[in-house]
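Enquirer: Take this structure first; my questions come after.
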Amino acid sequence: MTVPNLTERYLSVRNSIPSHVVLVAVSKFHPVEAIQQVYDAGQRIFGENRVQEMMEKQPLLPKDIEWHLIGTLQSNKVKYIAPFVSLIHSVDSVKLLAEIDKQAKKNNRVIDCLLEVYIAKEDSKHGFNLQEADTFLSTYTPMSNTHIAGLMGMATNTSETEQVRNEFRSLASLYKKHQQTLGFKYLSMGMSNDYKIAIEEGSNMVRIGSSIFKA
Ligand SMILES: *Cc1c(COP(=O)(O)O)cnc(C)c1O
């Protein structure tokens, strides 16, 4: 299979991101050959949005890749990724968190998770709303095998940059409120179209797909 040369695209994205911001290369829909190229150019963290696809690719690629699950996760599929996933960005319910804890325990692991918070003005988005997330985090007792390492959110897909900025700002504010008490490390916000705004608003983890992989 031939894939376009992605090294330069990857490096130009990489170089546009400050060093304190973690880059998750979102490789969904792209073949392992493309992922290998970006790996060879230095990237080690890859994000997939489907369990099945991540499970198929993981055994074919270098073992030191950190796999992040960024898409909706059904409770009954947690068991497939629990042995190797390094960060789950998309925890959208308490029930899911409990299942991750259970499967992590079976694998003798502690799995880092982010709560997905709904900040966009779009119906199809998953997650807690800001108020629900705040209430949950305020009363949260840490579990033995999961660690809530921060928050993830997606802004509305719009060219109105002030709206995007305000949505990111609302999530950053919730993040700051709980950062110290809960030991948060990651505020995952920003994709190809809006990561620069997200970083200005405090993101320290961006999830970038099309800017790197799309020819
Ligand atoms: C696909 C996806 C991304 C990357 O989007 P691009 O616009 O391709 O950069 C980021 N986050 C989530 C949750 C995604 O599903």
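Each chain of the structure tokens is named A, B, ... in the order shown, its residues numbered from 1; ligands are numbered from 1 in display order.
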Near range 136-152 of chain A, within 6 Å and counting only C-alpha atoms, which residues show up once chain neighbours fewer than 2 positions away are dropped, as a PyMOL selection string?
Expert: chain A and resi 101+104-105+110-116+133-134+184-189
Enquirer: Could you please extract the residues within 12 Å of ligand 1, counting only C-alpha atoms and all ligand atoms, and hand them back as a ChimeraX atom specification?
Expert: /A:13,23-30,46-50,68-73,88-91,114,116-118,125-127,152-157,188-196,205-215
Enquirer: Quick check for you: according to DSSP on this backbone, which residues of range 50-103 of chain A are classed as alpha helix (DSSP H)? Reply as an NGL selection string.
Expert: :A and (51-57 or 78-81 or 94-103)
Enquirer: Mind checking DSSP for range 37-173 of chain A and telling me the strand (DSSP E or B) residues as a ChimeraX atom specification?
Expert: /A:45-48,66-69,87-91,111-118,128-129,146-154
Enquirer: Do a neighbour search on range 34-45 of chain A at 6 Å with only C-alpha atoms, toss out local chain neighbours closer than 4 positions, and write the hits as a ChimeraX atom specification.
Expert: /A:7,24,65-66
Enquirer: Nearest to Ser16 in chain A: which of A:Ile199, A:Phe128, A:Asp64, A:Ala120 is it, counting only C-alpha atoms?
Expert: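 Closest to Ser16 in chain A of all the choices is A:Ile199.
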Enquirer: Using only C-alpha atoms, which of A:Glu8, A:Ile100, A:Val78, A:Ser93 sits nearest Glu132 in chain A?
Expert: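 Answer, going by the shortest atom-to-atom distance: A:Ser93.
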Enquirer: Kindly give the distance, in Å, that separates CA of His178 in chain A and CA of Ser203 in chain A, rounded to a single decimal.
Expert: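 Value for the CA of His178 in chain A-CA of Ser203 in chain A distance: 14.9 Å.
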Enquirer: Could you state the separation of CA of Leu61 in chain A and CA of Ala98 in chain A in Å, given to one decimal place?
Expert: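 According to the coordinates, CA of Leu61 in chain A and CA of Ala98 in chain A are separated by 29.5 Å.
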Enquirer: So how far away is CA of Ser19 in chain A from CA of Thr158 in chain A, in Å?
Expert: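 We find that CA of Thr158 in chain A and CA of Ser19 in chain A lie 27.2 Å from each other.
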Enquirer: From the options A:Pro83, A:Tyr10, A:Ala172, A:Leu130, which residue's atoms come nearest to Asn108 in chain A, counting only C-alpha atoms?
Expert: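 Smallest distance to Asn108 in chain A is found for A:Pro83.
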